[in-house]
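What follows is one structure encoded as structure tokens, with my remarks underneath.
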Amino acid sequence: MSLVADAPVDALLCDADGCLFPSEEPAFEASAEVTNEFLAELGGSRRFSGEELRLATTGKNFRTTAAALAAAEGSTVAPEMLERWVEAERQAVTAHLSEALLPDPFVIEPLSRLAASHTLAVVSSSAAARVGSCLRATGLDGLFPARLRFSAENSLPVPTSKPDPAIYLHALAEVGIASTRALAVEDSVPGAQAAVAAGCRTIGNVMFVPAAERARRVTELKRAGVVEVVSSWEDLELLLESVEPGLAAVGR
């Protein structure tokens with residue numbers, strides 16, 4: 001699959017955490033506290049720092065992570081217990097991110113220009129309330145109206161997480177666009193796998209990936225099927241200008 005295709009790009013389907021804003025490190029700091037309390041209630045011995053949890057579970061939501069950690073401890077989680085901990089983690093992380101995140105002109109400005117020629121949507125594994133809080137904190141909420149925010153935790157009949165492509169397939173149906181006319185933008189391997197499985201041309205964006213992990217992430221994203229990897233939203237804008245005649249005149 002190539003970025004240059006018969007169909008133009010009409011919509012950008014953007015991952016949220018680690019892609020639109022640098023939320024992963026502060027989110028995992030808050031999530032680790034809840035995760036360790038969850039493991040203690042299970043009677044498990046394992047504990048995580050925020051960084052350890054980030055490295056182990058990037059691209060997955062807490063629901064998926066909690067079930068996997070319980071299985072690793074030889075336990076199962078009753079549905080009511082899981083829901084209680086999912087809500088506790090959501091509240092803790094959302095509150096922390098509301099204070100930790102700030103607007104970034106290097107995200108807002110290129111996305112504002114791209115919005116003149118493309119539909120912008122968020123496609124995330126995270127809970128809708130968390131995504132909304134992050135968009136407000138970073139000044140991006142006006143670019144992504146509520147009807148174009150899709151959460152694998154809240155938008156589907158059964159909550160799931162990337163790399164399951166269900167949330168991308170749902171977003172495509174709700175936006176009313178064929179996968180061939182959409183471009184997904186992802187920073188994580190599970191996210192890229194989900195978008196590619198849904199039939200979307202996919203770009204890797206490593207803008208907020210820690211420098212020490214960037215080279216490896218680029219390799220992994222390409223292995224997952226992305227058509228290109230960029231280092232910023234401006235780089236993505238320039239890439240689209242190079243393959244879409246007339247876009248530069250609309251944007252800049």
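Scheme for the structure tokens: letters A, B, ... for chains in order shown; per-chain residue numbers from 1; ligand numbers from 1 in order shown.
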
Who sits within 10 Å of Pro8 in chain A, only C-alpha atoms, same chain under 3 positions skipped, as a CSV table (one decimal) with N, CA and C atoms, in the first residue's frame:
chain,number,residue,atom,x,y,z
A,3,LEU,N,1.0,5.8,0.0
A,3,LEU,CA,0.3,7.0,0.2
A,3,LEU,C,-0.3,7.6,-1.1
A,4,VAL,N,0.5,7.4,-2.1
A,4,VAL,CA,0.0,7.8,-3.5
A,4,VAL,C,-0.9,6.7,-4.0
A,5,ALA,N,-2.2,7.0,-4.0
A,5,ALA,CA,-3.1,6.0,-4.5
A,5,ALA,C,-4.2,6.6,-5.4
A,11,ALA,N,-10.0,12.2,4.8
A,11,ALA,CA,-10.1,12.3,6.3
A,11,ALA,C,-8.9,11.8,6.9
A,180,THR,N,-10.3,3.5,1.8
A,180,THR,CA,-9.3,3.9,0.8
A,180,THR,C,-9.2,5.4,0.7
A,181,ARG,N,-10.1,6.1,1.3
A,181,ARG,CA,-10.1,7.6,1.2
A,181,ARG,C,-9.7,8.2,2.6
A,182,ALA,N,-9.3,7.3,3.5
A,182,ALA,CA,-8.9,7.8,4.8
A,182,ALA,C,-7.4,7.6,5.0
A,183,LEU,N,-6.8,8.4,5.9
A,183,LEU,CA,-5.4,8.2,6.3
A,183,LEU,C,-5.3,8.1,7.8
A,240,LEU,N,1.7,15.3,2.8
A,240,LEU,CA,0.4,15.4,2.1
A,240,LEU,C,0.5,16.4,0.9
A,243,VAL,N,1.9,15.0,-2.3
A,243,VAL,CA,1.1,14.0,-3.1
A,243,VAL,C,-0.3,14.5,-3.4
A,244,GLU,N,-0.7,15.7,-2.9
A,244,GLU,CA,-2.1,16.2,-3.1
A,244,GLU,C,-2.0,17.5,-3.8

Query raised in the report: Counting only C-alpha atoms, what is within 7 Å of Ser31 in chain A, bar same-chain residues fewer than 3 positions away, as a ChimeraX atom specification?
Result: /A:27-28,34-35,89,93

Could the residues in this selection be written to a file with N, CA and C atoms, as an mmCIF file, in the first residue's frame?
data_model
loop_
_atom_site.group_PDB
_atom_site.id
_atom_site.type_symbol
_atom_site.label_atom_id
_atom_site.label_comp_id
_atom_site.auth_asym_id
_atom_site.auth_seq_id
_atom_site.Cartn_x
_atom_site.Cartn_y
_atom_site.Cartn_z
ATOM 1 N N ALA A 27 0.292 9.787 31.817
ATOM 2 C CA ALA A 27 -0.837 8.868 32.009
ATOM 3 C C ALA A 27 -0.395 7.602 32.720
ATOM 4 N N PHE A 28 0.743 7.062 32.335
ATOM 5 C CA PHE A 28 1.207 5.826 32.953
ATOM 6 C C PHE A 28 1.681 6.047 34.385
ATOM 7 N N VAL A 34 -2.848 3.025 40.175
ATOM 8 C CA VAL A 34 -4.096 2.252 40.185
ATOM 9 C C VAL A 34 -3.823 0.792 39.850
ATOM 10 N N THR A 35 -2.952 0.561 38.888
ATOM 11 C CA THR A 35 -2.614 -0.816 38.498
ATOM 12 C C THR A 35 -2.038 -1.599 39.666
ATOM 13 N N GLU A 89 -9.256 3.860 37.322
ATOM 14 C CA GLU A 89 -8.100 4.250 36.515
ATOM 15 C C GLU A 89 -8.448 5.427 35.612
ATOM 16 N N VAL A 93 -6.343 8.960 35.853
ATOM 17 C CA VAL A 93 -5.543 9.395 34.709
ATOM 18 C C VAL A 93 -6.100 10.678 34.111
#

Query raised in the report: Which residues come within 12 Å of Ala197 in chain A, counting only C-alpha atoms, excluding same-chain residues fewer than 3 positions away, as a ChimeraX atom specification?
Result: /A:162-169,179,184,190-194,200-202,224-226

Output of the above residues as a compact mmCIF listing (two decimals), in the first residue's frame, restricted to C-alpha atoms:
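In the end it all went to part-v9.txt:
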# COMPACT_ATOMS: atom_id res chain seq x y z
CA LYS A 162 -6.28 -1.86 19.42
CA PRO A 163 -4.87 -3.90 17.62
CA ASP A 164 -8.49 -5.01 17.14
CA PRO A 165 -9.58 -2.98 14.08
CA ALA A 166 -13.17 -2.64 15.33
CA ILE A 167 -12.82 1.00 16.37
CA TYR A 168 -11.40 1.97 12.98
CA LEU A 169 -14.16 0.13 11.15
CA SER A 179 -11.05 3.10 4.05
CA ALA A 184 -4.75 6.89 9.82
CA PRO A 190 -0.99 -1.94 18.10
CA GLY A 191 -2.61 1.21 16.72
CA ALA A 192 -0.91 0.84 13.37
CA GLN A 193 -1.90 -2.82 13.21
CA ALA A 194 -5.53 -1.88 13.89
CA CYS A 200 -6.53 2.33 5.96
CA ARG A 201 -3.36 3.81 4.57
CA THR A 202 -1.44 4.50 7.76
CA ALA A 224 3.29 -3.22 11.03
CA GLY A 225 2.49 -1.85 7.58
CA VAL A 226 2.66 1.95 7.76

Query raised in the report: Residues at most 6 Å from range 130-145 of chain A, counting only C-alpha atoms, excluding those fewer than 5 positions away in the same chain, as a ChimeraX atom specification?
Result: /A:94,98,101-103,121

Using N, CA and C atoms, can you write the selected residues to a file as a PDB file, in the first residue's frame?
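The resulting part_32.pdb:
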ATOM      1  N   THR A  94      -7.421  10.770  33.993  1.00  0.00           N
ATOM      2  CA  THR A  94      -8.026  11.972  33.422  1.00  0.00           C
ATOM      3  C   THR A  94      -7.703  13.198  34.256  1.00  0.00           C
ATOM      4  N   SER A  98      -5.366  16.342  32.858  1.00  0.00           N
ATOM      5  CA  SER A  98      -5.958  17.679  32.786  1.00  0.00           C
ATOM      6  C   SER A  98      -5.010  18.744  33.306  1.00  0.00           C
ATOM      7  N   LEU A 101      -1.052  18.358  30.761  1.00  0.00           N
ATOM      8  CA  LEU A 101      -0.949  18.675  29.341  1.00  0.00           C
ATOM      9  C   LEU A 101      -1.177  20.156  29.062  1.00  0.00           C
ATOM     10  N   LEU A 102      -0.509  20.660  28.021  1.00  0.00           N
ATOM     11  CA  LEU A 102      -0.618  22.066  27.628  1.00  0.00           C
ATOM     12  C   LEU A 102      -0.761  22.162  26.111  1.00  0.00           C
ATOM     13  N   PRO A 103      -1.309  23.262  25.606  1.00  0.00           N
ATOM     14  CA  PRO A 103      -1.377  23.444  24.150  1.00  0.00           C
ATOM     15  C   PRO A 103       0.015  23.480  23.525  1.00  0.00           C
ATOM     16  N   ALA A 121     -10.697  13.336  12.612  1.00  0.00           N
ATOM     17  CA  ALA A 121     -11.384  12.519  13.616  1.00  0.00           C
ATOM     18  C   ALA A 121     -10.355  11.892  14.543  1.00  0.00           C
TER      19      ALA A 121
END
